[in-house]
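To start, the structure under review is shown below, and the notes come after it.
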Amino acid sequence: MIAASSCVDGLKSLGYSFFTGVPCSFLQPIINAVINDPVLLYVGASNEGEAAGLAVGAHLAGRKAAVLCQNSGLGNMVSPLTTLCHPFQVPILILCSWRGEPGIKDELQHVLMGQITHALLDTMRIPWALFPKDAHEIPMVLERAQTCMARTHLPFALVMSRDAVEECAQLPLPAAPRVQADVRSCISLAPSRRMTRAEALQAVLSALPGGEAILATAGNTGLELVAISDRPEHLHLTGGMGTASAVGTGIALSLPRQPVVVLDGDGAALMRMGSLATVGSYAPENLLHVITDNESYESLGGQCTVSRTVRF
């Protein structure tokens, strides 16, 4: 088995500093080693798709990013990998476990995914390699991944078998501060004319002092932002519906001095509600997350969302 530090040190030597993902017992030693390293940043995601969005944001901010996840979570990553990483050519490194590996006894729910893991990566046109079992192979495998990503500008996956890495305990972390707030003063039930989305976007833009990186979610929010004010510092995420807040959080955590604004929609926010918890937990002071709520999937057919019963 390989010491977790061997892998993490190899990634550090190649410039990786931003890690995100969802825990897996196979990957636990590497995740703990990353968390224990004071130089590295690990952002715990609520799901693997959000982790991909966080990594995309870190890449846009100029950092090398890696996603650590179980192979069962690859399905959650299909949308951001194929609609963000592929068209925008974002090379993120994926370290995924190989639960259900053929020939190795595992729990029933992992059997099928174990059989199709490599085929799923091939279908998404993501090159992959098996994670090494000997420490001396790590530099060669990581260099292969780097060379491939430099050539294709696309993700690369390393697939890790059971017991590939030695145990590594996580050091104690300080307790997170509790958030206390009285939201009753923010709630008004008085009927009033609703702003249109265009009016809301214009109001936000008018209130900003300038210099912000502004990301708009897929759909009409992004289209209307382009129509109102198309600037170089604006990014319309035409793919990866639901991951705008994750991308924005990745940028904000990677560039603490850069103000970041995410313009989201109710349908997109509902799609990955776990991202709201991640934003609230890490709470980057340079991030503003705005949700325009028109209670419908307007750009997708006009059907109602469930947001009419939700107070974001």
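To be explicit about the labels: the chains of the structure tokens are called A, B, and onward in the order shown, and within each one the residues are counted from 1, while ligands get numbers from 1 in the order they are shown.
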Residue contacts of region 125-136 of chain A (9 Å, only C-alpha atoms) excluding same-chain residues fewer than 3 positions away, as an mmCIF file with N, CA and C atoms, in the first residue's frame:
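As a result, part22.cif now contains:
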data_model
loop_
_atom_site.group_PDB
_atom_site.id
_atom_site.type_symbol
_atom_site.label_atom_id
_atom_site.label_comp_id
_atom_site.auth_asym_id
_atom_site.auth_seq_id
_atom_site.Cartn_x
_atom_site.Cartn_y
_atom_site.Cartn_z
ATOM 1 N N MET A 1 0.831 -1.203 0.000
ATOM 2 C CA MET A 1 0.000 0.000 0.000
ATOM 3 C C MET A 1 0.871 1.261 0.000
ATOM 4 N N ILE A 2 0.261 2.344 -0.432
ATOM 5 C CA ILE A 2 0.954 3.621 -0.555
ATOM 6 C C ILE A 2 0.587 4.517 0.623
ATOM 7 N N ALA A 3 1.539 5.259 1.125
ATOM 8 C CA ALA A 3 1.241 6.265 2.146
ATOM 9 C C ALA A 3 0.457 7.402 1.505
ATOM 10 N N SER A 6 2.360 10.299 0.146
ATOM 11 C CA SER A 6 3.071 10.166 -1.128
ATOM 12 C C SER A 6 2.230 10.713 -2.271
ATOM 13 N N CYS A 7 0.947 10.388 -2.261
ATOM 14 C CA CYS A 7 0.051 10.881 -3.307
ATOM 15 C C CYS A 7 -0.158 12.382 -3.180
ATOM 16 N N LEU A 81 -19.651 17.710 -15.987
ATOM 17 C CA LEU A 81 -18.498 17.247 -16.759
ATOM 18 C C LEU A 81 -18.728 17.388 -18.256
ATOM 19 N N THR A 82 -19.945 17.098 -18.708
ATOM 20 C CA THR A 82 -20.213 17.118 -20.148
ATOM 21 C C THR A 82 -20.680 18.473 -20.660
ATOM 22 N N HIS A 86 -16.376 19.956 -20.669
ATOM 23 C CA HIS A 86 -16.079 19.632 -22.070
ATOM 24 C C HIS A 86 -16.160 20.859 -22.975
ATOM 25 N N ILE A 94 -9.773 13.922 -11.451
ATOM 26 C CA ILE A 94 -10.765 13.174 -10.679
ATOM 27 C C ILE A 94 -10.094 11.949 -10.071
ATOM 28 N N LEU A 95 -10.162 11.824 -8.767
ATOM 29 C CA LEU A 95 -9.728 10.605 -8.085
ATOM 30 C C LEU A 95 -10.978 9.903 -7.587
ATOM 31 N N HIS A 118 -15.418 2.176 -15.941
ATOM 32 C CA HIS A 118 -14.514 2.567 -17.029
ATOM 33 C C HIS A 118 -15.293 2.926 -18.284
ATOM 34 N N LEU A 120 -18.289 4.188 -18.391
ATOM 35 C CA LEU A 120 -18.920 5.492 -18.180
ATOM 36 C C LEU A 120 -17.933 6.618 -18.430
ATOM 37 N N LEU A 121 -16.712 6.463 -17.940
ATOM 38 C CA LEU A 121 -15.682 7.471 -18.208
ATOM 39 C C LEU A 121 -15.392 7.563 -19.700
ATOM 40 N N ASP A 122 -15.317 6.419 -20.371
ATOM 41 C CA ASP A 122 -15.087 6.417 -21.818
ATOM 42 C C ASP A 122 -16.224 7.126 -22.548
ATOM 43 N N PRO A 139 4.707 9.256 -9.380
ATOM 44 C CA PRO A 139 5.128 10.346 -10.268
ATOM 45 C C PRO A 139 4.821 10.066 -11.733
ATOM 46 N N MET A 140 5.017 8.827 -12.179
ATOM 47 C CA MET A 140 4.778 8.485 -13.578
ATOM 48 C C MET A 140 3.297 8.600 -13.933
ATOM 49 N N VAL A 141 2.423 8.100 -13.057
ATOM 50 C CA VAL A 141 0.988 8.144 -13.332
ATOM 51 C C VAL A 141 0.470 9.578 -13.295
ATOM 52 N N ARG A 144 1.545 11.340 -16.377
ATOM 53 C CA ARG A 144 0.708 10.932 -17.509
ATOM 54 C C ARG A 144 -0.604 11.706 -17.512
ATOM 55 N N ALA A 145 -1.206 11.851 -16.333
ATOM 56 C CA ALA A 145 -2.456 12.601 -16.234
ATOM 57 C C ALA A 145 -2.242 14.058 -16.621
ATOM 58 N N CYS A 148 -1.744 14.488 -20.396
ATOM 59 C CA CYS A 148 -3.007 14.324 -21.111
ATOM 60 C C CYS A 148 -3.882 15.562 -20.963
ATOM 61 N N MET A 149 -3.999 16.091 -19.746
ATOM 62 C CA MET A 149 -4.841 17.271 -19.528
ATOM 63 C C MET A 149 -4.275 18.502 -20.227
ATOM 64 N N LEU A 154 -9.045 18.754 -20.907
ATOM 65 C CA LEU A 154 -10.228 18.067 -20.405
ATOM 66 C C LEU A 154 -9.865 17.300 -19.135
ATOM 67 N N PRO A 155 -10.867 16.858 -18.369
ATOM 68 C CA PRO A 155 -10.583 16.117 -17.139
ATOM 69 C C PRO A 155 -9.866 14.799 -17.396
ATOM 70 N N PHE A 156 -9.244 14.295 -16.343
ATOM 71 C CA PHE A 156 -8.592 12.989 -16.354
ATOM 72 C C PHE A 156 -8.943 12.316 -15.035
ATOM 73 N N ALA A 157 -9.211 11.005 -15.083
ATOM 74 C CA ALA A 157 -9.628 10.279 -13.884
ATOM 75 C C ALA A 157 -8.613 9.215 -13.492
ATOM 76 N N LEU A 158 -8.360 9.112 -12.201
ATOM 77 C CA LEU A 158 -7.584 8.019 -11.628
ATOM 78 C C LEU A 158 -8.544 7.157 -10.815
ATOM 79 N N VAL A 159 -8.596 5.871 -11.119
ATOM 80 C CA VAL A 159 -9.550 4.954 -10.495
ATOM 81 C C VAL A 159 -8.811 4.109 -9.455
ATOM 82 N N MET A 160 -9.238 4.211 -8.201
ATOM 83 C CA MET A 160 -8.513 3.606 -7.086
ATOM 84 C C MET A 160 -9.213 2.353 -6.559
ATOM 85 N N SER A 161 -8.469 1.267 -6.473
ATOM 86 C CA SER A 161 -8.987 0.022 -5.917
ATOM 87 C C SER A 161 -8.968 0.057 -4.389
ATOM 88 N N ASP A 163 -7.967 -0.659 -0.615
ATOM 89 C CA ASP A 163 -6.709 -0.831 0.126
ATOM 90 C C ASP A 163 -5.476 -0.415 -0.677
ATOM 91 N N ALA A 164 -5.638 0.581 -1.551
ATOM 92 C CA ALA A 164 -4.482 1.070 -2.302
ATOM 93 C C ALA A 164 -3.625 2.011 -1.462
ATOM 94 N N VAL A 165 -4.237 2.628 -0.446
ATOM 95 C CA VAL A 165 -3.550 3.650 0.344
ATOM 96 C C VAL A 165 -3.654 3.304 1.826
#
* Asked: Can you list, as a PyMOL selection string, every residue of region 59-148 of chain A that DSSP puts in alpha helix (DSSP H)?
  -> chain A and resi 59-60+74-80+86-88+111-123+138-148
Neighbouring residues of Leu300 (chain A) were defined as those with any atom within 12 Å, considering only C-alpha atoms; residues of the same chain fewer than 2 positions away were excluded. Please report them as an mmCIF file with N, CA and C atoms, in the first residue's frame.
data_model
loop_
_atom_site.group_PDB
_atom_site.id
_atom_site.type_symbol
_atom_site.label_atom_id
_atom_site.label_comp_id
_atom_site.auth_asym_id
_atom_site.auth_seq_id
_atom_site.Cartn_x
_atom_site.Cartn_y
_atom_site.Cartn_z
ATOM 1 N N ALA A 218 -27.560 29.035 -16.158
ATOM 2 C CA ALA A 218 -28.096 28.688 -17.473
ATOM 3 C C ALA A 218 -29.542 29.154 -17.579
ATOM 4 N N GLY A 219 -29.976 29.440 -18.803
ATOM 5 C CA GLY A 219 -31.361 29.839 -19.019
ATOM 6 C C GLY A 219 -31.498 31.331 -19.226
ATOM 7 N N ASN A 220 -32.710 31.845 -18.966
ATOM 8 C CA ASN A 220 -33.008 33.239 -19.263
ATOM 9 C C ASN A 220 -32.250 34.223 -18.381
ATOM 10 N N MET A 241 -26.574 23.195 -15.379
ATOM 11 C CA MET A 241 -27.665 23.830 -14.638
ATOM 12 C C MET A 241 -27.640 23.409 -13.174
ATOM 13 N N GLY A 267 -35.342 27.532 -10.267
ATOM 14 C CA GLY A 267 -35.263 26.156 -10.745
ATOM 15 C C GLY A 267 -33.868 25.587 -10.612
ATOM 16 N N ALA A 268 -32.871 26.396 -10.955
ATOM 17 C CA ALA A 268 -31.481 25.941 -10.857
ATOM 18 C C ALA A 268 -31.076 25.740 -9.403
ATOM 19 N N SER A 296 -41.021 29.369 -11.835
ATOM 20 C CA SER A 296 -41.240 28.585 -13.059
ATOM 21 C C SER A 296 -39.920 28.270 -13.748
ATOM 22 N N TYR A 297 -39.968 27.216 -14.572
ATOM 23 C CA TYR A 297 -38.854 26.889 -15.465
ATOM 24 C C TYR A 297 -39.117 27.608 -16.788
ATOM 25 N N GLU A 298 -38.973 28.912 -16.767
ATOM 26 C CA GLU A 298 -39.421 29.727 -17.903
ATOM 27 C C GLU A 298 -38.705 29.378 -19.197
ATOM 28 N N GLY A 302 -41.858 26.694 -19.198
ATOM 29 C CA GLY A 302 -42.784 27.484 -18.410
ATOM 30 C C GLY A 302 -43.502 26.746 -17.301
ATOM 31 N N GLN A 303 -43.175 25.469 -17.089
ATOM 32 C CA GLN A 303 -43.835 24.737 -16.013
ATOM 33 C C GLN A 303 -43.435 25.315 -14.648
ATOM 34 N N CYS A 304 -44.301 25.107 -13.655
ATOM 35 C CA CYS A 304 -44.054 25.659 -12.323
ATOM 36 C C CYS A 304 -42.952 24.888 -11.600
ATOM 37 N N THR A 305 -42.153 25.617 -10.833
ATOM 38 C CA THR A 305 -41.267 24.974 -9.870
ATOM 39 C C THR A 305 -42.029 24.850 -8.548
#
* To do: Give the strand (DSSP E or B) residues of region 9-143 of chain A, as assigned by DSSP on the backbone, as a PyMOL selection string.
  => chain A and resi 16-21+41-44+64-69+93-97+128-130
Keeping N, CA and C atoms, export the residues of the selection given above as a tab-separated table (two decimals), in the first residue's frame.
chain	number	residue	atom	x	y	z
A	16	TYR	N	-1.17	21.35	-7.41
A	16	TYR	CA	-2.56	21.21	-6.95
A	16	TYR	C	-2.69	21.79	-5.54
A	17	SER	N	-3.69	22.66	-5.37
A	17	SER	CA	-3.89	23.29	-4.07
A	17	SER	C	-5.35	23.32	-3.65
A	18	PHE	N	-6.27	22.96	-4.56
A	18	PHE	CA	-7.71	23.01	-4.27
A	18	PHE	C	-8.29	21.61	-4.44
A	19	PHE	N	-8.86	21.10	-3.37
A	19	PHE	CA	-9.45	19.77	-3.40
A	19	PHE	C	-10.90	19.85	-2.91
A	20	THR	N	-11.75	19.07	-3.52
A	20	THR	CA	-13.15	19.03	-3.12
A	20	THR	C	-13.69	17.64	-3.40
A	21	GLY	N	-14.82	17.32	-2.80
A	21	GLY	CA	-15.38	16.01	-3.07
A	21	GLY	C	-16.37	15.56	-2.02
A	41	LEU	N	-6.38	23.39	0.46
A	41	LEU	CA	-7.78	23.69	0.79
A	41	LEU	C	-8.65	22.53	0.37
A	42	TYR	N	-9.42	22.00	1.31
A	42	TYR	CA	-10.40	20.96	0.99
A	42	TYR	C	-11.79	21.52	1.28
A	43	VAL	N	-12.65	21.49	0.26
A	43	VAL	CA	-14.03	21.97	0.40
A	43	VAL	C	-14.95	20.76	0.31
A	44	GLY	N	-15.62	20.44	1.39
A	44	GLY	CA	-16.56	19.33	1.39
A	44	GLY	C	-17.82	19.70	0.65
A	64	LYS	N	-5.11	24.78	-9.66
A	64	LYS	CA	-5.28	23.39	-10.08
A	64	LYS	C	-6.18	22.69	-9.07
A	65	ALA	N	-7.20	22.02	-9.59
A	65	ALA	CA	-8.21	21.45	-8.71
A	65	ALA	C	-8.40	19.96	-8.95
A	66	ALA	N	-8.71	19.25	-7.87
A	66	ALA	CA	-8.97	17.82	-7.95
A	66	ALA	C	-10.26	17.50	-7.22
A	67	VAL	N	-11.02	16.56	-7.78
A	67	VAL	CA	-12.26	16.08	-7.17
A	67	VAL	C	-12.03	14.66	-6.66
A	68	LEU	N	-12.39	14.41	-5.41
A	68	LEU	CA	-12.26	13.07	-4.83
A	68	LEU	C	-13.66	12.54	-4.54
A	69	CYS	N	-13.99	11.37	-5.09
A	69	CYS	CA	-15.35	10.87	-4.94
A	69	CYS	C	-15.41	9.37	-5.16
A	93	LEU	N	-8.72	17.16	-12.27
A	93	LEU	CA	-8.32	15.79	-11.98
A	93	LEU	C	-9.37	15.13	-11.10
A	94	ILE	N	-9.77	13.92	-11.45
A	94	ILE	CA	-10.77	13.17	-10.68
A	94	ILE	C	-10.09	11.95	-10.07
A	95	LEU	N	-10.16	11.82	-8.77
A	95	LEU	CA	-9.73	10.60	-8.08
A	95	LEU	C	-10.98	9.90	-7.59
A	96	CYS	N	-11.34	8.81	-8.23
A	96	CYS	CA	-12.56	8.11	-7.83
A	96	CYS	C	-12.23	6.69	-7.41
A	97	SER	N	-12.96	6.22	-6.43
A	97	SER	CA	-12.77	4.86	-5.94
A	97	SER	C	-13.40	3.88	-6.92
A	128	TRP	N	-8.64	7.91	-18.51
A	128	TRP	CA	-8.48	7.44	-17.14
A	128	TRP	C	-7.30	6.47	-17.05
A	129	ALA	N	-6.88	6.24	-15.83
A	129	ALA	CA	-5.83	5.26	-15.54
A	129	ALA	C	-6.09	4.70	-14.16
A	130	LEU	N	-5.58	3.51	-13.90
A	130	LEU	CA	-5.70	2.92	-12.58
A	130	LEU	C	-4.73	3.61	-11.62
* Using only C-alpha atoms, which of A:Leu108, A:Ile291, A:Val247, A:Val204 sits nearest His59 (chain A)? -> A:Val247
* Using only C-alpha atoms, which of the listed residues (A:Asn76, A:Gln258, A:Thr238, A:Ser275) sits closest to Phe88 (chain A)? -> A:Thr238
* Asked: So how far away is CA of Ala277 (chain A) from CA of Trp98 (chain A), in Å?
  ->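 Between CA of Trp98 (chain A) and CA of Ala277 (chain A) the gap works out to 28.0 Å.
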* **Residue nearest Leu225 (chain A) among A:Ala207, A:Ala246, A:Ile92, A:Val262 (counting only C-alpha atoms)** => A:Val262
* Residue with smallest distance to Gly114 (chain A) - pool A:Ser79, A:Ser72, A:Gln202, A:Thr152, counting only C-alpha atoms -> A:Ser72
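CA of Gly49 (chain A) is found 21.7 Å from CA of Val111 (chain A).
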* To do: Return the single residue from A:Ser245, A:Thr217, A:Cys85, A:Leu171 that is closest to Pro38 (chain A), with distances computed using only C-alpha atoms.
  => A:Leu171
Using only C-alpha atoms, determine which residues lie at most 9 Å from Pro284 (chain A), disregarding the query and same-chain residues fewer than 3 positions distant; provide the list as a tab-separated table (two decimals) with C-alpha atoms, in the first residue's frame.
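The file below, result39.tsv, is the result:
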chain	number	residue	atom	x	y	z
A	249	THR	CA	-17.96	29.51	-4.44
A	252	ALA	CA	-14.51	33.10	-4.21
A	253	LEU	CA	-12.59	30.65	-2.02
A	256	PRO	CA	-10.50	35.88	-1.46
A	279	VAL	CA	-22.18	28.34	0.65
A	280	GLY	CA	-23.57	28.94	4.14
A	281	SER	CA	-20.96	26.73	5.78
A	287	LEU	CA	-19.44	36.07	-2.50
A	288	LEU	CA	-22.93	37.42	-3.15
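Closest approach to Gly103 (chain A) among A:Leu84, A:Arg63, A:Pro232, A:Gln115 is made by A:Gln115 (distances from only C-alpha atoms).
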